[in-house]
file work-v3.txt (compact mmCIF, N, CA and C atoms)
# COMPACT_ATOMS: atom_id res chain seq x y z
N MET V 1 0.84 -1.19 0.00
CA MET V 1 0.00 0.00 0.00
C MET V 1 0.88 1.25 0.00
N LYS V 2 0.47 2.23 -0.78
CA LYS V 2 1.19 3.50 -0.83
C LYS V 2 1.06 4.20 0.51
N ALA V 3 2.15 4.79 0.98
CA ALA V 3 2.15 5.44 2.29
C ALA V 3 1.14 6.59 2.31
N LEU V 4 0.37 6.63 3.37
CA LEU V 4 -0.61 7.68 3.57
C LEU V 4 -0.38 8.34 4.91
N THR V 5 -0.67 9.62 4.97
CA THR V 5 -0.60 10.32 6.24
C THR V 5 -1.81 9.94 7.08
N PRO V 6 -1.75 10.14 8.40
CA PRO V 6 -2.93 9.89 9.22
C PRO V 6 -4.16 10.66 8.73
N SER V 7 -3.96 11.88 8.27
CA SER V 7 -5.08 12.68 7.78
C SER V 7 -5.73 12.04 6.56
N LEU V 8 -4.92 11.58 5.61
CA LEU V 8 -5.47 10.94 4.41
C LEU V 8 -6.14 9.61 4.76
N GLU V 9 -5.58 8.89 5.72
CA GLU V 9 -6.23 7.67 6.18
C GLU V 9 -7.60 7.98 6.77
N ASN V 10 -7.70 9.08 7.51
CA ASN V 10 -8.99 9.48 8.08
C ASN V 10 -10.00 9.78 6.99
N TYR V 11 -9.55 10.44 5.92
CA TYR V 11 -10.46 10.70 4.81
C TYR V 11 -10.99 9.39 4.23
N LEU V 12 -10.10 8.45 3.95
CA LEU V 12 -10.52 7.17 3.38
C LEU V 12 -11.50 6.45 4.30
N GLU V 13 -11.16 6.40 5.59
CA GLU V 13 -12.03 5.73 6.55
C GLU V 13 -13.39 6.41 6.61
N THR V 14 -13.42 7.73 6.58
CA THR V 14 -14.68 8.46 6.65
C THR V 14 -15.51 8.24 5.39
N ILE V 15 -14.87 8.23 4.22
CA ILE V 15 -15.59 7.94 2.98
C ILE V 15 -16.21 6.55 3.07
N TRP V 16 -15.44 5.59 3.57
CA TRP V 16 -15.94 4.22 3.72
C TRP V 16 -17.15 4.18 4.65
N ILE V 17 -17.03 4.80 5.81
CA ILE V 17 -18.11 4.78 6.81
C ILE V 17 -19.36 5.47 6.26
N LEU V 18 -19.19 6.64 5.65
CA LEU V 18 -20.35 7.33 5.08
C LEU V 18 -20.99 6.51 3.97
N GLY V 19 -20.17 5.83 3.20
CA GLY V 19 -20.69 5.00 2.11
C GLY V 19 -21.49 3.80 2.59
N LEU V 20 -21.26 3.37 3.82
CA LEU V 20 -22.05 2.27 4.38
C LEU V 20 -23.49 2.67 4.62
N ASP V 21 -23.71 3.94 4.95
CA ASP V 21 -25.05 4.44 5.27
C ASP V 21 -25.75 5.10 4.09
N ARG V 22 -24.97 5.55 3.13
CA ARG V 22 -25.54 6.32 2.01
C ARG V 22 -25.15 5.68 0.69
N LYS V 23 -25.96 5.97 -0.32
CA LYS V 23 -25.61 5.47 -1.65
C LYS V 23 -24.46 6.27 -2.24
N VAL V 24 -24.42 7.56 -1.93
CA VAL V 24 -23.37 8.41 -2.48
C VAL V 24 -22.74 9.25 -1.37
N VAL V 25 -21.49 9.62 -1.58
CA VAL V 25 -20.77 10.48 -0.64
C VAL V 25 -20.39 11.75 -1.39
N ARG V 26 -20.66 12.86 -0.75
CA ARG V 26 -20.35 14.17 -1.35
C ARG V 26 -19.31 14.89 -0.50
N VAL V 27 -18.72 15.90 -1.08
CA VAL V 27 -17.72 16.72 -0.38
C VAL V 27 -18.33 17.30 0.89
N ARG V 28 -19.55 17.80 0.79
CA ARG V 28 -20.18 18.42 1.97
C ARG V 28 -20.40 17.40 3.09
N ASP V 29 -20.67 16.14 2.73
CA ASP V 29 -20.83 15.08 3.74
C ASP V 29 -19.52 14.87 4.50
N LEU V 30 -18.42 14.82 3.75
CA LEU V 30 -17.11 14.64 4.37
C LEU V 30 -16.75 15.84 5.25
N ALA V 31 -17.00 17.04 4.74
CA ALA V 31 -16.68 18.24 5.50
C ALA V 31 -17.45 18.28 6.81
N LYS V 32 -18.71 17.93 6.75
CA LYS V 32 -19.54 17.94 7.97
C LYS V 32 -19.05 16.89 8.96
N LYS V 33 -18.80 15.68 8.49
CA LYS V 33 -18.38 14.59 9.38
C LYS V 33 -17.01 14.87 10.01
N LEU V 34 -16.08 15.42 9.20
CA LEU V 34 -14.73 15.70 9.69
C LEU V 34 -14.61 17.07 10.36
N LYS V 35 -15.69 17.86 10.30
CA LYS V 35 -15.73 19.19 10.92
C LYS V 35 -14.63 20.09 10.37
N ILE V 36 -14.57 20.12 9.03
CA ILE V 36 -13.60 20.97 8.34
C ILE V 36 -14.29 21.66 7.16
N GLN V 37 -13.59 22.58 6.54
CA GLN V 37 -14.13 23.32 5.40
C GLN V 37 -14.12 22.46 4.14
N PRO V 38 -15.13 22.62 3.28
CA PRO V 38 -15.17 21.87 2.02
C PRO V 38 -13.91 22.04 1.17
N ALA V 39 -13.31 23.21 1.19
CA ALA V 39 -12.09 23.43 0.40
C ALA V 39 -10.96 22.51 0.85
N SER V 40 -10.88 22.25 2.13
CA SER V 40 -9.86 21.32 2.64
C SER V 40 -10.13 19.91 2.15
N VAL V 41 -11.40 19.54 2.09
CA VAL V 41 -11.78 18.22 1.61
C VAL V 41 -11.38 18.07 0.14
N VAL V 42 -11.68 19.10 -0.66
CA VAL V 42 -11.35 19.05 -2.09
C VAL V 42 -9.85 18.87 -2.29
N GLY V 43 -9.04 19.56 -1.51
CA GLY V 43 -7.58 19.43 -1.61
C GLY V 43 -7.12 18.01 -1.28
N ALA V 44 -7.67 17.45 -0.24
CA ALA V 44 -7.30 16.08 0.15
C ALA V 44 -7.76 15.08 -0.91
N LEU V 45 -8.94 15.30 -1.46
CA LEU V 45 -9.45 14.38 -2.48
C LEU V 45 -8.58 14.41 -3.74
N LYS V 46 -8.05 15.58 -4.07
CA LYS V 46 -7.13 15.66 -5.22
C LYS V 46 -5.90 14.80 -4.97
N THR V 47 -5.37 14.89 -3.77
CA THR V 47 -4.20 14.08 -3.41
C THR V 47 -4.55 12.60 -3.48
N LEU V 48 -5.67 12.22 -2.90
CA LEU V 48 -6.09 10.81 -2.91
C LEU V 48 -6.37 10.32 -4.33
N GLN V 49 -6.93 11.19 -5.16
CA GLN V 49 -7.20 10.81 -6.55
C GLN V 49 -5.88 10.62 -7.31
N ASN V 50 -4.94 11.52 -7.11
CA ASN V 50 -3.64 11.40 -7.77
C ASN V 50 -2.91 10.12 -7.36
N ARG V 51 -3.18 9.64 -6.17
CA ARG V 51 -2.54 8.41 -5.68
C ARG V 51 -3.35 7.15 -6.00
N GLY V 52 -4.50 7.35 -6.64
CA GLY V 52 -5.30 6.21 -7.08
C GLY V 52 -6.25 5.63 -6.05
N PHE V 53 -6.57 6.39 -5.01
CA PHE V 53 -7.44 5.88 -3.95
C PHE V 53 -8.91 6.26 -4.12
N VAL V 54 -9.19 7.37 -4.82
CA VAL V 54 -10.57 7.81 -5.02
C VAL V 54 -10.78 8.30 -6.45
N ARG V 55 -12.07 8.36 -6.81
CA ARG V 55 -12.49 9.03 -8.03
C ARG V 55 -13.40 10.16 -7.59
N HIS V 56 -13.16 11.34 -8.15
CA HIS V 56 -13.97 12.49 -7.77
C HIS V 56 -13.96 13.50 -8.90
N GLU V 57 -15.13 13.81 -9.41
CA GLU V 57 -15.29 14.87 -10.40
C GLU V 57 -15.70 16.14 -9.65
N HIS V 58 -15.27 17.28 -10.15
CA HIS V 58 -15.62 18.55 -9.52
C HIS V 58 -17.14 18.62 -9.34
N TYR V 59 -17.59 18.88 -8.13
CA TYR V 59 -19.00 18.92 -7.74
C TYR V 59 -19.70 17.57 -7.87
N GLY V 60 -18.94 16.51 -8.02
CA GLY V 60 -19.53 15.19 -8.16
C GLY V 60 -19.39 14.37 -6.89
N TYR V 61 -19.78 13.12 -7.00
CA TYR V 61 -19.70 12.20 -5.88
C TYR V 61 -18.26 11.74 -5.68
N VAL V 62 -18.00 11.26 -4.48
CA VAL V 62 -16.69 10.71 -4.14
C VAL V 62 -16.84 9.20 -4.10
N GLU V 63 -15.97 8.49 -4.82
CA GLU V 63 -15.99 7.04 -4.83
C GLU V 63 -14.61 6.52 -4.51
N LEU V 64 -14.56 5.47 -3.73
CA LEU V 64 -13.29 4.80 -3.46
C LEU V 64 -12.97 3.88 -4.62
N THR V 65 -11.71 3.86 -5.02
CA THR V 65 -11.26 2.85 -5.97
C THR V 65 -11.11 1.54 -5.21
N GLN V 66 -10.78 0.47 -5.91
CA GLN V 66 -10.56 -0.80 -5.21
C GLN V 66 -9.42 -0.66 -4.20
N GLU V 67 -8.36 0.02 -4.61
CA GLU V 67 -7.23 0.24 -3.70
C GLU V 67 -7.64 1.12 -2.52
N GLY V 68 -8.46 2.13 -2.80
CA GLY V 68 -8.95 3.00 -1.73
C GLY V 68 -9.86 2.28 -0.76
N ALA V 69 -10.72 1.40 -1.29
CA ALA V 69 -11.62 0.64 -0.43
C ALA V 69 -10.84 -0.31 0.47
N THR V 70 -9.82 -0.94 -0.10
CA THR V 70 -8.98 -1.85 0.70
C THR V 70 -8.28 -1.09 1.81
N ALA V 71 -7.69 0.06 1.48
CA ALA V 71 -7.00 0.87 2.49
C ALA V 71 -7.98 1.35 3.56
N ALA V 72 -9.15 1.80 3.14
CA ALA V 72 -10.16 2.29 4.08
C ALA V 72 -10.61 1.18 5.02
N GLN V 73 -10.84 0.00 4.48
CA GLN V 73 -11.27 -1.13 5.31
C GLN V 73 -10.19 -1.53 6.29
N ASP V 74 -8.93 -1.44 5.88
CA ASP V 74 -7.83 -1.76 6.79
C ASP V 74 -7.80 -0.79 7.97
N VAL V 75 -7.96 0.49 7.69
CA VAL V 75 -7.96 1.49 8.77
C VAL V 75 -9.17 1.28 9.67
N TYR V 76 -10.32 1.04 9.06
CA TYR V 76 -11.55 0.82 9.82
C TYR V 76 -11.42 -0.41 10.73
N LYS V 77 -10.85 -1.48 10.19
CA LYS V 77 -10.65 -2.69 10.99
C LYS V 77 -9.72 -2.42 12.17
N LYS V 78 -8.62 -1.71 11.94
CA LYS V 78 -7.72 -1.35 13.03
C LYS V 78 -8.48 -0.57 14.10
N HIS V 79 -9.28 0.38 13.65
CA HIS V 79 -10.04 1.22 14.57
C HIS V 79 -10.96 0.37 15.43
N GLN V 80 -11.68 -0.55 14.81
CA GLN V 80 -12.63 -1.39 15.55
C GLN V 80 -11.92 -2.26 16.58
N ILE V 81 -10.79 -2.85 16.19
CA ILE V 81 -10.03 -3.70 17.12
C ILE V 81 -9.52 -2.86 18.29
N LEU V 82 -8.95 -1.70 18.00
CA LEU V 82 -8.42 -0.84 19.07
C LEU V 82 -9.52 -0.34 19.98
N PHE V 83 -10.66 0.04 19.41
CA PHE V 83 -11.78 0.48 20.23
C PHE V 83 -12.21 -0.65 21.17
N GLN V 84 -12.35 -1.84 20.62
CA GLN V 84 -12.76 -2.99 21.43
C GLN V 84 -11.77 -3.23 22.57
N PHE V 85 -10.49 -3.18 22.27
CA PHE V 85 -9.47 -3.39 23.29
C PHE V 85 -9.54 -2.31 24.36
N LEU V 86 -9.60 -1.06 23.95
CA LEU V 86 -9.60 0.04 24.90
C LEU V 86 -10.88 0.08 25.74
N HIS V 87 -12.01 -0.21 25.12
CA HIS V 87 -13.28 -0.13 25.83
C HIS V 87 -13.57 -1.40 26.63
N GLU V 88 -13.54 -2.54 25.96
CA GLU V 88 -13.94 -3.78 26.63
C GLU V 88 -12.85 -4.36 27.53
N MET V 89 -11.62 -4.31 27.09
CA MET V 89 -10.55 -4.92 27.87
C MET V 89 -10.00 -3.97 28.93
N LEU V 90 -9.78 -2.72 28.54
CA LEU V 90 -9.19 -1.77 29.50
C LEU V 90 -10.23 -0.94 30.23
N GLY V 91 -11.48 -0.98 29.78
CA GLY V 91 -12.56 -0.31 30.50
C GLY V 91 -12.65 1.19 30.29
N LEU V 92 -12.07 1.71 29.22
CA LEU V 92 -12.21 3.15 28.94
C LEU V 92 -13.64 3.45 28.53
N GLU V 93 -14.10 4.63 28.87
CA GLU V 93 -15.42 5.07 28.45
C GLU V 93 -15.45 5.10 26.92
N PRO V 94 -16.62 4.84 26.31
CA PRO V 94 -16.69 4.76 24.85
C PRO V 94 -16.14 5.98 24.10
N ALA V 95 -16.46 7.18 24.57
CA ALA V 95 -15.98 8.37 23.86
C ALA V 95 -14.46 8.46 23.89
N LYS V 96 -13.86 8.16 25.02
CA LYS V 96 -12.40 8.21 25.14
C LYS V 96 -11.76 7.07 24.35
N ALA V 97 -12.36 5.90 24.38
CA ALA V 97 -11.85 4.76 23.61
C ALA V 97 -11.90 5.07 22.12
N GLU V 98 -12.96 5.72 21.69
CA GLU V 98 -13.11 6.13 20.28
C GLU V 98 -12.01 7.11 19.89
N GLU V 99 -11.81 8.11 20.71
CA GLU V 99 -10.78 9.13 20.44
C GLU V 99 -9.38 8.51 20.40
N ASP V 100 -9.08 7.68 21.37
CA ASP V 100 -7.75 7.05 21.43
C ASP V 100 -7.54 6.06 20.28
N ALA V 101 -8.57 5.29 19.95
CA ALA V 101 -8.46 4.34 18.84
C ALA V 101 -8.16 5.07 17.54
N CYS V 102 -8.79 6.21 17.35
CA CYS V 102 -8.57 7.01 16.14
C CYS V 102 -7.12 7.50 16.07
N ALA V 103 -6.56 7.86 17.19
CA ALA V 103 -5.18 8.34 17.22
C ALA V 103 -4.18 7.20 17.01
N ILE V 104 -4.44 6.07 17.63
CA ILE V 104 -3.50 4.95 17.59
C ILE V 104 -3.53 4.23 16.24
N GLU V 105 -4.69 4.16 15.60
CA GLU V 105 -4.85 3.35 14.39
C GLU V 105 -3.86 3.71 13.29
N HIS V 106 -3.38 4.91 13.30
CA HIS V 106 -2.48 5.38 12.24
C HIS V 106 -1.01 5.08 12.52
N HIS V 107 -0.72 4.63 13.72
CA HIS V 107 0.67 4.48 14.12
C HIS V 107 1.04 3.07 14.59
N ILE V 108 0.07 2.24 14.84
CA ILE V 108 0.37 0.91 15.38
C ILE V 108 0.90 0.00 14.27
N SER V 109 1.85 -0.83 14.62
CA SER V 109 2.40 -1.79 13.66
C SER V 109 1.43 -2.95 13.48
N ASN V 110 1.59 -3.67 12.40
CA ASN V 110 0.76 -4.86 12.19
C ASN V 110 0.99 -5.88 13.30
N ASP V 111 2.25 -6.02 13.74
CA ASP V 111 2.55 -6.95 14.84
C ASP V 111 1.84 -6.54 16.12
N GLY V 112 1.86 -5.25 16.43
CA GLY V 112 1.18 -4.76 17.63
C GLY V 112 -0.31 -5.00 17.56
N LEU V 113 -0.90 -4.74 16.40
CA LEU V 113 -2.33 -4.95 16.23
C LEU V 113 -2.69 -6.43 16.33
N GLU V 114 -1.88 -7.27 15.71
CA GLU V 114 -2.13 -8.72 15.79
C GLU V 114 -2.04 -9.22 17.22
N ARG V 115 -1.12 -8.68 18.01
CA ARG V 115 -0.98 -9.09 19.41
C ARG V 115 -2.20 -8.65 20.22
N ILE V 116 -2.69 -7.45 19.96
CA ILE V 116 -3.89 -6.97 20.65
C ILE V 116 -5.08 -7.85 20.28
N LEU V 117 -5.22 -8.16 19.01
CA LEU V 117 -6.32 -9.01 18.58
C LEU V 117 -6.22 -10.40 19.21
N ALA V 118 -5.01 -10.94 19.27
CA ALA V 118 -4.81 -12.25 19.91
C ALA V 118 -5.20 -12.18 21.39
N PHE V 119 -4.86 -11.09 22.06
CA PHE V 119 -5.22 -10.93 23.47
C PHE V 119 -6.74 -10.90 23.64
N ILE V 120 -7.41 -10.14 22.79
CA ILE V 120 -8.88 -10.06 22.86
C ILE V 120 -9.49 -11.44 22.67
N GLU V 121 -9.01 -12.16 21.67
CA GLU V 121 -9.54 -13.50 21.40
C GLU V 121 -9.24 -14.45 22.56
N PHE V 122 -8.06 -14.32 23.14
CA PHE V 122 -7.69 -15.15 24.28
C PHE V 122 -8.63 -14.90 25.45
N VAL V 123 -8.83 -13.65 25.80
CA VAL V 123 -9.69 -13.30 26.93
C VAL V 123 -11.12 -13.76 26.68
N LYS V 124 -11.62 -13.53 25.47
CA LYS V 124 -13.00 -13.93 25.16
C LYS V 124 -13.17 -15.45 25.14
N GLY V 125 -12.08 -16.18 24.93
CA GLY V 125 -12.15 -17.63 24.93
C GLY V 125 -12.02 -18.25 26.31
N CYS V 126 -11.71 -17.44 27.30
CA CYS V 126 -11.57 -17.95 28.67
C CYS V 126 -12.94 -18.26 29.27
N PRO V 127 -12.99 -19.23 30.17
CA PRO V 127 -14.25 -19.49 30.87
C PRO V 127 -14.69 -18.24 31.63
N GLN V 128 -15.98 -18.11 31.83
CA GLN V 128 -16.53 -16.93 32.50
C GLN V 128 -15.86 -16.64 33.84
N ASP V 129 -15.47 -17.66 34.58
CA ASP V 129 -14.83 -17.45 35.87
C ASP V 129 -13.52 -16.67 35.73
N ASP V 130 -12.86 -16.85 34.59
CA ASP V 130 -11.58 -16.17 34.38
C ASP V 130 -11.74 -14.68 34.09
N PHE V 131 -12.96 -14.23 33.82
CA PHE V 131 -13.19 -12.81 33.59
C PHE V 131 -13.06 -12.01 34.87
N GLN V 132 -13.01 -12.68 36.01
CA GLN V 132 -12.88 -11.97 37.28
C GLN V 132 -11.60 -11.15 37.30
N CYS V 133 -10.55 -11.67 36.73
CA CYS V 133 -9.28 -10.92 36.68
C CYS V 133 -9.47 -9.61 35.91
N LEU V 134 -10.19 -9.65 34.79
CA LEU V 134 -10.45 -8.44 34.01
C LEU V 134 -11.33 -7.47 34.79
N LYS V 135 -12.34 -8.00 35.49
CA LYS V 135 -13.19 -7.16 36.32
C LYS V 135 -12.38 -6.52 37.45
N ASN V 136 -11.48 -7.28 38.03
CA ASN V 136 -10.61 -6.73 39.08
C ASN V 136 -9.74 -5.60 38.53
N PHE V 137 -9.24 -5.77 37.32
CA PHE V 137 -8.44 -4.72 36.70
C PHE V 137 -9.28 -3.46 36.51
N HIS V 138 -10.50 -3.59 36.03
CA HIS V 138 -11.37 -2.42 35.82
C HIS V 138 -11.61 -1.70 37.15
N SER V 139 -11.84 -2.46 38.21
CA SER V 139 -12.03 -1.85 39.54
C SER V 139 -10.76 -1.15 39.99
N TYR V 140 -9.63 -1.80 39.80
CA TYR V 140 -8.34 -1.21 40.17
C TYR V 140 -8.10 0.09 39.41
N ALA V 141 -8.37 0.08 38.11
CA ALA V 141 -8.14 1.27 37.28
C ALA V 141 -9.03 2.43 37.72
N ARG V 142 -10.30 2.12 38.03
CA ARG V 142 -11.21 3.18 38.49
C ARG V 142 -10.75 3.72 39.84
N ALA V 143 -10.33 2.83 40.74
CA ALA V 143 -9.92 3.25 42.07
C ALA V 143 -8.64 4.09 42.03
N SER V 144 -7.71 3.70 41.16
CA SER V 144 -6.45 4.44 41.09
C SER V 144 -6.65 5.80 40.45
N LYS V 145 -7.73 5.97 39.70
CA LYS V 145 -8.05 7.25 39.07
C LYS V 145 -8.90 8.11 40.01
N GLY V 146 -9.43 7.47 41.05
CA GLY V 146 -10.24 8.21 42.02
C GLY V 146 -11.69 8.33 41.61
N THR V 147 -12.13 7.43 40.70
CA THR V 147 -13.55 7.50 40.27
C THR V 147 -14.33 6.34 40.84

call {"tool": "encode", "arguments": {"input": "work-v3.txt", "output": "structure tokens"}}
result
Amino acid sequence: MKALTPSLENYLETIWILGLDRKVVRVRDLAKKLKIQPASVVGALKTLQNRGFVRHEHYGYVELTQEGATAAQDVYKKHQILFQFLHEMLGLEPAKAEEDACAIEHHISNDGLERILAFIEFVKGCPQDDFQCLKNFHSYARASKGT
């Protein structure tokens, strides 16, 4: 995969997510979701189009190419795994887990992500009695934070 900045990865992921709910994605949809100006979106789309990740005609719809869809799905998958780890395993509140997952997804190595996924699968495969250790950790974390 061609190297992408975290910002460009966010654009791809957002196009993917918006495309799941809508038939078409427009510049204004991206601008609203990312809380930025439409002109910034157009600039990023030009870069993504030049790199072969999207198709976009001026004032037209935004479409992911096959390469763009693959990259977007990879970022989205990382995000989901990290959110699950931060929220379910470490007990972070959903909003904070979402924010942290978004920041980490752009920098984590494949090895690091695979290890986190293996940990999640390991914990979920344990008998229910073994979840007590995870519950104890959540209590410990809350107590050490003073909440």

call {"tool": "closest_residue", "arguments": {"input": "work-v3.txt", "among": "V:Ile81, V:Val24, V:Gln49, V:Ser7", "to": "Leu113 (chain V)", "atoms": "all atoms listed in the file"}}
result
V:Ile81

call {"tool": "closest_residue", "arguments": {"input": "work-v3.txt", "among": "V:Ile36, V:Leu12, V:Gln73, V:Asp29", "to": "Phe53 (chain V)", "atoms": "only N, CA and C atoms"}}
result
V:Leu12

call {"tool": "closest_residue", "arguments": {"input": "work-v3.txt", "among": "V:Glu67, V:Glu88, V:Glu121, V:Glu99", "to": "Phe137 (chain V)", "atoms": "only C-alpha atoms"}}
result
V:Glu88

call {"tool": "residues_around", "arguments": {"input": "work-v3.txt", "residues": "Ile120 (chain V)", "least_positions_apart": "5", "cutoff": "8 Å", "atoms": "all atoms listed in the file", "output": "PyMOL selection string"}}
result
chain V and resi 84-85+89+114-115+125-126

call {"tool": "atom_distance", "arguments": {"input": "work-v3.txt", "atom1": "CA of Leu48 (chain V)", "atom2": "CA of Asp21 (chain V)"}}
result
21.6 Å

call {"tool": "closest_residue", "arguments": {"input": "work-v3.txt", "among": "V:Ala69, V:Lys35, V:Val27, V:Phe83", "to": "His56 (chain V)", "atoms": "only C-alpha atoms"}}
result
V:Val27

call {"tool": "closest_residue", "arguments": {"input": "work-v3.txt", "among": "V:Thr65, V:Gln80, V:Ala118, V:Val75", "to": "Ala97 (chain V)", "atoms": "only C-alpha atoms"}}
result
V:Gln80

call {"tool": "select_by_dssp", "arguments": {"input": "work-v3.txt", "residues": "chain V", "states": "helix (DSSP H, G or I)", "output": "PyMOL selection string"}}
result
chain V and resi 6-21+27-34+38-50+66-89+94-104+110-125+128-145

call {"tool": "residues_around", "arguments": {"input": "work-v3.txt", "residues": "Val25 (chain V)", "least_positions_apart": "3", "cutoff": "6 Å", "atoms": "all atoms listed in the file", "output": "ChimeraX atom specification"}}
result
/V:19,22,61-62

call {"tool": "closest_residue", "arguments": {"input": "work-v3.txt", "among": "V:Asp111, V:Glu93, V:Glu105, V:Glu63", "to": "Glu9 (chain V)", "atoms": "only C-alpha atoms"}}
result
V:Glu105

call {"tool": "select_by_dssp", "arguments": {"input": "work-v3.txt", "residues": "chain V", "states": "strand (DSSP E)", "output": "number ranges by chain"}}
result
V: 54-56, 62-64

call {"tool": "atom_distance", "arguments": {"input": "work-v3.txt", "atom1": "CA of Lys135 (chain V)", "atom2": "CA of Glu98 (chain V)"}}
result
20.8 Å

call {"tool": "atom_distance", "arguments": {"input": "work-v3.txt", "atom1": "atom C of Leu30 (chain V)", "atom2": "CA of Ile15 (chain V)"}}
result
8.3 Å

call {"tool": "residues_around", "arguments": {"input": "work-v3.txt", "residues": "Gln66 (chain V)", "least_positions_apart": "6", "cutoff": "8 Å", "atoms": "only N, CA and C atoms", "output": "MDAnalysis selection string"}}
result
chainID V and resid 52:54 72

call {"tool": "write_last_selection", "arguments": {"input": "work-v3.txt", "atoms": "N, CA and C atoms", "output": "short mmCIF file (atom, residue, chain, number, x, y, z; two decimals), keeping the file's coordinate frame"}}
result
data_model
loop_
_atom_site.label_atom_id
_atom_site.label_comp_id
_atom_site.auth_asym_id
_atom_site.auth_seq_id
_atom_site.Cartn_x
_atom_site.Cartn_y
_atom_site.Cartn_z
N GLY V 52 -4.50 7.35 -6.64
CA GLY V 52 -5.30 6.21 -7.08
C GLY V 52 -6.25 5.63 -6.05
N PHE V 53 -6.57 6.39 -5.01
CA PHE V 53 -7.44 5.88 -3.95
C PHE V 53 -8.91 6.26 -4.12
N VAL V 54 -9.19 7.37 -4.82
CA VAL V 54 -10.57 7.81 -5.02
C VAL V 54 -10.78 8.30 -6.45
N ALA V 72 -9.15 1.80 3.14
CA ALA V 72 -10.16 2.29 4.08
C ALA V 72 -10.61 1.18 5.02
#

call {"tool": "decode", "arguments": {"input": "work-v3.txt", "residues": "region 103-121 of chain V", "atoms": "N, CA and C atoms", "output": "PDB file, in the first residue's frame"}}
result
ATOM      1  N   ALA V 103      -6.560   7.861  17.190  1.00  0.00           N
ATOM      2  CA  ALA V 103      -5.175   8.345  17.215  1.00  0.00           C
ATOM      3  C   ALA V 103      -4.182   7.201  17.013  1.00  0.00           C
ATOM      4  N   ILE V 104      -4.439   6.073  17.631  1.00  0.00           N
ATOM      5  CA  ILE V 104      -3.502   4.947  17.591  1.00  0.00           C
ATOM      6  C   ILE V 104      -3.528   4.227  16.243  1.00  0.00           C
ATOM      7  N   GLU V 105      -4.691   4.157  15.603  1.00  0.00           N
ATOM      8  CA  GLU V 105      -4.850   3.352  14.389  1.00  0.00           C
ATOM      9  C   GLU V 105      -3.865   3.713  13.286  1.00  0.00           C
ATOM     10  N   HIS V 106      -3.378   4.913  13.299  1.00  0.00           N
ATOM     11  CA  HIS V 106      -2.481   5.381  12.238  1.00  0.00           C
ATOM     12  C   HIS V 106      -1.011   5.075  12.524  1.00  0.00           C
ATOM     13  N   HIS V 107      -0.724   4.632  13.721  1.00  0.00           N
ATOM     14  CA  HIS V 107       0.673   4.476  14.118  1.00  0.00           C
ATOM     15  C   HIS V 107       1.044   3.073  14.590  1.00  0.00           C
ATOM     16  N   ILE V 108       0.071   2.239  14.838  1.00  0.00           N
ATOM     17  CA  ILE V 108       0.367   0.911  15.378  1.00  0.00           C
ATOM     18  C   ILE V 108       0.903   0.000  14.265  1.00  0.00           C
ATOM     19  N   SER V 109       1.851  -0.825  14.621  1.00  0.00           N
ATOM     20  CA  SER V 109       2.400  -1.786  13.657  1.00  0.00           C
ATOM     21  C   SER V 109       1.428  -2.945  13.483  1.00  0.00           C
ATOM     22  N   ASN V 110       1.589  -3.673  12.402  1.00  0.00           N
ATOM     23  CA  ASN V 110       0.758  -4.864  12.192  1.00  0.00           C
ATOM     24  C   ASN V 110       0.990  -5.883  13.301  1.00  0.00           C
ATOM     25  N   ASP V 111       2.251  -6.016  13.742  1.00  0.00           N
ATOM     26  CA  ASP V 111       2.555  -6.946  14.836  1.00  0.00           C
ATOM     27  C   ASP V 111       1.838  -6.539  16.121  1.00  0.00           C
ATOM     28  N   GLY V 112       1.861  -5.249  16.426  1.00  0.00           N
ATOM     29  CA  GLY V 112       1.183  -4.760  17.628  1.00  0.00           C
ATOM     30  C   GLY V 112      -0.312  -4.996  17.558  1.00  0.00           C
ATOM     31  N   LEU V 113      -0.898  -4.739  16.398  1.00  0.00           N
ATOM     32  CA  LEU V 113      -2.334  -4.947  16.229  1.00  0.00           C
ATOM     33  C   LEU V 113      -2.689  -6.426  16.325  1.00  0.00           C
ATOM     34  N   GLU V 114      -1.879  -7.274  15.710  1.00  0.00           N
ATOM     35  CA  GLU V 114      -2.125  -8.721  15.788  1.00  0.00           C
ATOM     36  C   GLU V 114      -2.044  -9.224  17.222  1.00  0.00           C
ATOM     37  N   ARG V 115      -1.118  -8.677  18.008  1.00  0.00           N
ATOM     38  CA  ARG V 115      -0.982  -9.090  19.407  1.00  0.00           C
ATOM     39  C   ARG V 115      -2.198  -8.648  20.215  1.00  0.00           C
ATOM     40  N   ILE V 116      -2.689  -7.450  19.959  1.00  0.00           N
ATOM     41  CA  ILE V 116      -3.892  -6.975  20.652  1.00  0.00           C
ATOM     42  C   ILE V 116      -5.083  -7.847  20.282  1.00  0.00           C
ATOM     43  N   LEU V 117      -5.223  -8.160  19.012  1.00  0.00           N
ATOM     44  CA  LEU V 117      -6.324  -9.014  18.575  1.00  0.00           C
ATOM     45  C   LEU V 117      -6.222 -10.403  19.212  1.00  0.00           C
ATOM     46  N   ALA V 118      -5.012 -10.939  19.270  1.00  0.00           N
ATOM     47  CA  ALA V 118      -4.814 -12.247  19.915  1.00  0.00           C
ATOM     48  C   ALA V 118      -5.197 -12.181  21.389  1.00  0.00           C
ATOM     49  N   PHE V 119      -4.860 -11.090  22.064  1.00  0.00           N
ATOM     50  CA  PHE V 119      -5.216 -10.929  23.473  1.00  0.00           C
ATOM     51  C   PHE V 119      -6.737 -10.901  23.641  1.00  0.00           C
ATOM     52  N   ILE V 120      -7.413 -10.136  22.786  1.00  0.00           N
ATOM     53  CA  ILE V 120      -8.875 -10.056  22.859  1.00  0.00           C
ATOM     54  C   ILE V 120      -9.485 -11.444  22.673  1.00  0.00           C
ATOM     55  N   GLU V 121      -9.012 -12.162  21.665  1.00  0.00           N
ATOM     56  CA  GLU V 121      -9.535 -13.499  21.401  1.00  0.00           C
ATOM     57  C   GLU V 121      -9.238 -14.446  22.559  1.00  0.00           C
TER      58      GLU V 121
END
